[in-house]
Amino acid sequence: MDNCRRIALTGFMGVGKSSVARHLAQILRCERIDLDAFIEKSTRRTIADIITNDGEPAYRVIETENLTRVLNESESRILSLGGGTWTIPCNRDLIVANGVVTVWLESTFEHCWTNISKSRKERPLAKNKVAAKKLFESRQSIYCLADWHFIIRPEFTSYEIAAQIAEQVFS
Ligand code: S3P
């Protein structure tokens with residue numbers, strides 16, 4: 001693959017997109033950007049606050065605006081998306097139109113849920129296990145549209161996953 005292409009990591013909440021992106025950026029010696037963090041910085045609000053108080057549809061508009069900015073303005077090669085970003089058709093169109101290679105970090109719901117439960121990050125769309133599982137199941141066929149799939153097993157470290165991506169996607 002062309003070594004200059006940008007990579008976007010997608011996958012369900014709790015799968016480890018941000019940590020894998022951090023290691024991937026180290027391995028490839030390039031910059032990374034985290035869309036959730038970019039949104040929080042640009043809006044000066046937490047994502048949890050936006051979703052809880054303005055609603056998910058309003059959040060999705062903000063997310064698409066910020067994704068557009070990141071794709072147009074940022075030189076970062078590694079982009080970690082929010083868990084829902086890739087599931088929105090216009091976001092997928094933007095990502096594909098910008099020639100970004102997409103990587104789905106695929107794991108079981110139980111693995112994601114364990115990480116969600118342990119994490120301090122507030123996730124209004126995964127408030128309880130039943131709701132989170134329903135969302136997880138509804139998204140599998142959309143994540144599947146990504147260019148690359150990597151199966152994440154709990155015994156793999158984020159570094160090992162990043163190393164696998166670097167080797168396979170860039171060889
Ligand atoms: C979301 C995932 C979150 C965040 C927001 C919505 C989702 O990101 O963007 O709460 O729709 O799955 P993480 O996947 O990084 O938790």
# chains A, B, ... in the order shown; residues from 1 in each chain; ligands from 1
$ residues_near_ligand --ligand "ligand 1" --cutoff "7 Å" --atoms "only C-alpha atoms and all ligand atoms" --output "PyMOL selection string"
chain A and resi 11-14+17-18+36+47-48+81-85+123-125
$ residues_around --residues "Leu24 of chain A" --least-positions-apart "2" --cutoff "7 Å" --atoms "only C-alpha atoms" --output "ChimeraX atom specification"
/A:20-22,26-28,162-163,166
$ write_last_selection --atoms "N, CA, C and O atoms" --output "mmCIF file, in the first residue's frame"
data_model
loop_
_atom_site.group_PDB
_atom_site.id
_atom_site.type_symbol
_atom_site.label_atom_id
_atom_site.label_comp_id
_atom_site.auth_asym_id
_atom_site.auth_seq_id
_atom_site.Cartn_x
_atom_site.Cartn_y
_atom_site.Cartn_z
ATOM 1 N N VAL A 20 -4.674 1.617 20.320
ATOM 2 C CA VAL A 20 -4.022 1.033 19.150
ATOM 3 C C VAL A 20 -3.490 2.168 18.263
ATOM 4 O O VAL A 20 -2.361 2.100 17.755
ATOM 5 N N ALA A 21 -4.266 3.225 18.118
ATOM 6 C CA ALA A 21 -3.827 4.363 17.287
ATOM 7 C C ALA A 21 -2.541 4.977 17.847
ATOM 8 O O ALA A 21 -1.632 5.344 17.102
ATOM 9 N N ARG A 22 -2.470 5.060 19.166
ATOM 10 C CA ARG A 22 -1.272 5.644 19.806
ATOM 11 C C ARG A 22 -0.034 4.807 19.477
ATOM 12 O O ARG A 22 0.993 5.335 19.059
ATOM 13 N N GLN A 26 3.306 5.509 16.961
ATOM 14 C CA GLN A 26 4.698 5.343 17.419
ATOM 15 C C GLN A 26 5.475 4.457 16.447
ATOM 16 O O GLN A 26 6.584 4.794 16.040
ATOM 17 N N ILE A 27 4.844 3.351 16.078
ATOM 18 C CA ILE A 27 5.524 2.404 15.188
ATOM 19 C C ILE A 27 5.811 3.038 13.823
ATOM 20 O O ILE A 27 6.894 2.897 13.274
ATOM 21 N N LEU A 28 4.827 3.750 13.298
ATOM 22 C CA LEU A 28 4.997 4.332 11.961
ATOM 23 C C LEU A 28 5.671 5.711 12.011
ATOM 24 O O LEU A 28 5.892 6.323 10.979
ATOM 25 N N ALA A 162 -1.273 -3.080 17.015
ATOM 26 C CA ALA A 162 -0.737 -2.008 16.173
ATOM 27 C C ALA A 162 0.381 -2.548 15.275
ATOM 28 O O ALA A 162 0.458 -2.201 14.093
ATOM 29 N N ALA A 163 1.224 -3.418 15.841
ATOM 30 C CA ALA A 163 2.333 -3.969 15.063
ATOM 31 C C ALA A 163 1.799 -4.824 13.906
ATOM 32 O O ALA A 163 2.309 -4.766 12.790
ATOM 33 N N ALA A 166 0.482 -2.459 11.251
ATOM 34 C CA ALA A 166 1.588 -1.816 10.532
ATOM 35 C C ALA A 166 2.194 -2.790 9.527
ATOM 36 O O ALA A 166 2.471 -2.423 8.390
#
$ atom_distance --atom1 "atom CA of Val70 of chain A" --atom2 "atom CA of Ile33 of chain A"
8.3 Å
$ closest_residue --among "A:Arg139, A:Arg44, A:Arg120, A:His111" --to "Gly16 of chain A" --atoms "only C-alpha atoms"
A:His111
$ select_by_dssp --residues "segment 93-147 of chain A" --states "strand (DSSP E)" --output "list in words"
Val101, Thr102, Val103, Trp104, Leu105 and Glu106 of chain A
$ closest_residue --among "A:Glu137, A:Phe150, A:Thr52, A:Asn91" --to "Glu65 of chain A" --atoms "only C-alpha atoms"
A:Asn91
$ closest_residue --among "A:Ile152, A:Val15, A:Ala8, A:Ala25" --to "Ile116 of chain A" --atoms "only C-alpha atoms"
A:Val15
$ closest_residue --among "A:Thr114, A:Gln140, A:Ser42, A:Thr102" --to "Ser80 of chain A" --atoms "only C-alpha atoms"
A:Thr102
$ closest_residue --among "A:Cys112, A:Val130, A:Ile7, A:Val169" --to "Pro154 of chain A" --atoms "only C-alpha atoms"
A:Cys112
$ closest_residue --among "A:Arg92, A:Lys121, A:Arg45, A:Lys134" --to "Ala146 of chain A" --atoms "only C-alpha atoms"
A:Arg92
$ atom_distance --atom1 "atom CA of Cys4 of chain A" --atom2 "atom CA of Ile161 of chain A"
20.2 Å
$ decode --residues "segment 24-36 of chain A" --atoms "all heavy atoms" --output "CSV table (one decimal), in the first residue's frame"
chain,number,residue,atom,x,y,z
A,24,LEU,N,0.3,2.7,17.0
A,24,LEU,CA,0.5,2.6,15.5
A,24,LEU,C,1.3,3.9,15.1
A,24,LEU,O,2.2,3.8,14.3
A,24,LEU,CB,-0.9,2.6,14.8
A,24,LEU,CG,-0.9,2.3,13.3
A,24,LEU,CD1,-0.1,1.0,13.0
A,24,LEU,CD2,-2.3,2.2,12.8
A,25,ALA,N,0.9,5.0,15.7
A,25,ALA,CA,1.6,6.3,15.4
A,25,ALA,C,3.1,6.2,15.8
A,25,ALA,O,4.0,6.7,15.1
A,25,ALA,CB,0.9,7.4,16.1
A,26,GLN,N,3.3,5.5,17.0
A,26,GLN,CA,4.7,5.3,17.4
A,26,GLN,C,5.5,4.5,16.4
A,26,GLN,O,6.6,4.8,16.0
A,26,GLN,CB,4.7,4.7,18.8
A,26,GLN,CG,4.7,5.6,20.0
A,26,GLN,CD,4.3,4.9,21.2
A,26,GLN,OE1,4.4,3.7,21.3
A,26,GLN,NE2,4.0,5.6,22.3
A,27,ILE,N,4.8,3.4,16.1
A,27,ILE,CA,5.5,2.4,15.2
A,27,ILE,C,5.8,3.0,13.8
A,27,ILE,O,6.9,2.9,13.3
A,27,ILE,CB,4.7,1.1,15.0
A,27,ILE,CG1,4.6,0.4,16.4
A,27,ILE,CG2,5.3,0.2,13.9
A,27,ILE,CD1,3.6,-0.8,16.4
A,28,LEU,N,4.8,3.8,13.3
A,28,LEU,CA,5.0,4.3,12.0
A,28,LEU,C,5.7,5.7,12.0
A,28,LEU,O,5.9,6.3,11.0
A,28,LEU,CB,3.6,4.5,11.3
A,28,LEU,CG,2.9,3.1,11.0
A,28,LEU,CD1,1.5,3.4,10.4
A,28,LEU,CD2,3.7,2.3,10.0
A,29,ARG,N,6.0,6.2,13.2
A,29,ARG,CA,6.6,7.5,13.4
A,29,ARG,C,5.8,8.6,12.7
A,29,ARG,O,6.3,9.2,11.8
A,29,ARG,CB,8.0,7.5,13.0
A,29,ARG,CG,8.9,6.6,13.7
A,29,ARG,CD,10.3,6.5,13.0
A,29,ARG,NE,11.0,5.3,13.5
A,29,ARG,CZ,11.9,5.3,14.5
A,29,ARG,NH1,12.1,6.5,15.2
A,29,ARG,NH2,12.5,4.2,14.9
A,30,CYS,N,4.5,8.7,13.1
A,30,CYS,CA,3.7,9.7,12.4
A,30,CYS,C,2.7,10.2,13.5
A,30,CYS,O,2.6,9.7,14.6
A,30,CYS,CB,3.0,9.2,11.2
A,30,CYS,SG,1.9,7.8,11.6
A,31,GLU,N,2.0,11.3,13.1
A,31,GLU,CA,1.1,11.9,14.0
A,31,GLU,C,-0.2,11.2,14.0
A,31,GLU,O,-0.6,10.6,13.0
A,31,GLU,CB,0.8,13.4,13.5
A,31,GLU,CG,2.0,14.3,13.5
A,31,GLU,CD,2.5,14.6,14.9
A,31,GLU,OE1,1.6,14.8,15.8
A,31,GLU,OE2,3.7,14.6,15.2
A,32,ARG,N,-0.9,11.3,15.1
A,32,ARG,CA,-2.3,10.7,15.1
A,32,ARG,C,-3.2,11.7,15.7
A,32,ARG,O,-2.8,12.7,16.4
A,32,ARG,CB,-2.3,9.4,16.0
A,32,ARG,CG,-2.1,9.8,17.4
A,32,ARG,CD,-2.5,8.7,18.4
A,32,ARG,NE,-2.0,9.2,19.7
A,32,ARG,CZ,-2.8,9.4,20.7
A,32,ARG,NH1,-4.1,9.2,20.6
A,32,ARG,NH2,-2.4,9.9,21.8
A,33,ILE,N,-4.5,11.5,15.4
A,33,ILE,CA,-5.5,12.4,15.9
A,33,ILE,C,-6.7,11.6,16.3
A,33,ILE,O,-7.1,10.6,15.7
A,33,ILE,CB,-5.9,13.5,14.9
A,33,ILE,CG1,-6.7,14.6,15.5
A,33,ILE,CG2,-6.5,13.0,13.7
A,33,ILE,CD1,-6.6,15.9,14.8
A,34,ASP,N,-7.3,12.0,17.5
A,34,ASP,CA,-8.4,11.2,18.0
A,34,ASP,C,-9.7,12.1,17.8
A,34,ASP,O,-9.7,13.2,18.3
A,34,ASP,CB,-8.1,11.0,19.5
A,34,ASP,CG,-9.2,10.1,20.2
A,34,ASP,OD1,-10.3,10.7,20.5
A,34,ASP,OD2,-8.9,9.0,20.3
A,35,LEU,N,-10.6,11.6,17.0
A,35,LEU,CA,-11.8,12.5,16.7
A,35,LEU,C,-12.6,12.9,17.9
A,35,LEU,O,-12.9,14.1,18.0
A,35,LEU,CB,-12.7,11.7,15.7
A,35,LEU,CG,-13.9,12.5,15.2
A,35,LEU,CD1,-13.5,13.8,14.5
A,35,LEU,CD2,-14.8,11.7,14.3
A,36,ASP,N,-12.7,12.0,18.9
A,36,ASP,CA,-13.5,12.4,20.1
A,36,ASP,C,-12.8,13.5,20.8
A,36,ASP,O,-13.4,14.5,21.2
A,36,ASP,CB,-13.6,11.2,21.1
A,36,ASP,CG,-14.6,10.1,20.6
A,36,ASP,OD1,-15.3,10.3,19.5
A,36,ASP,OD2,-14.8,9.1,21.3
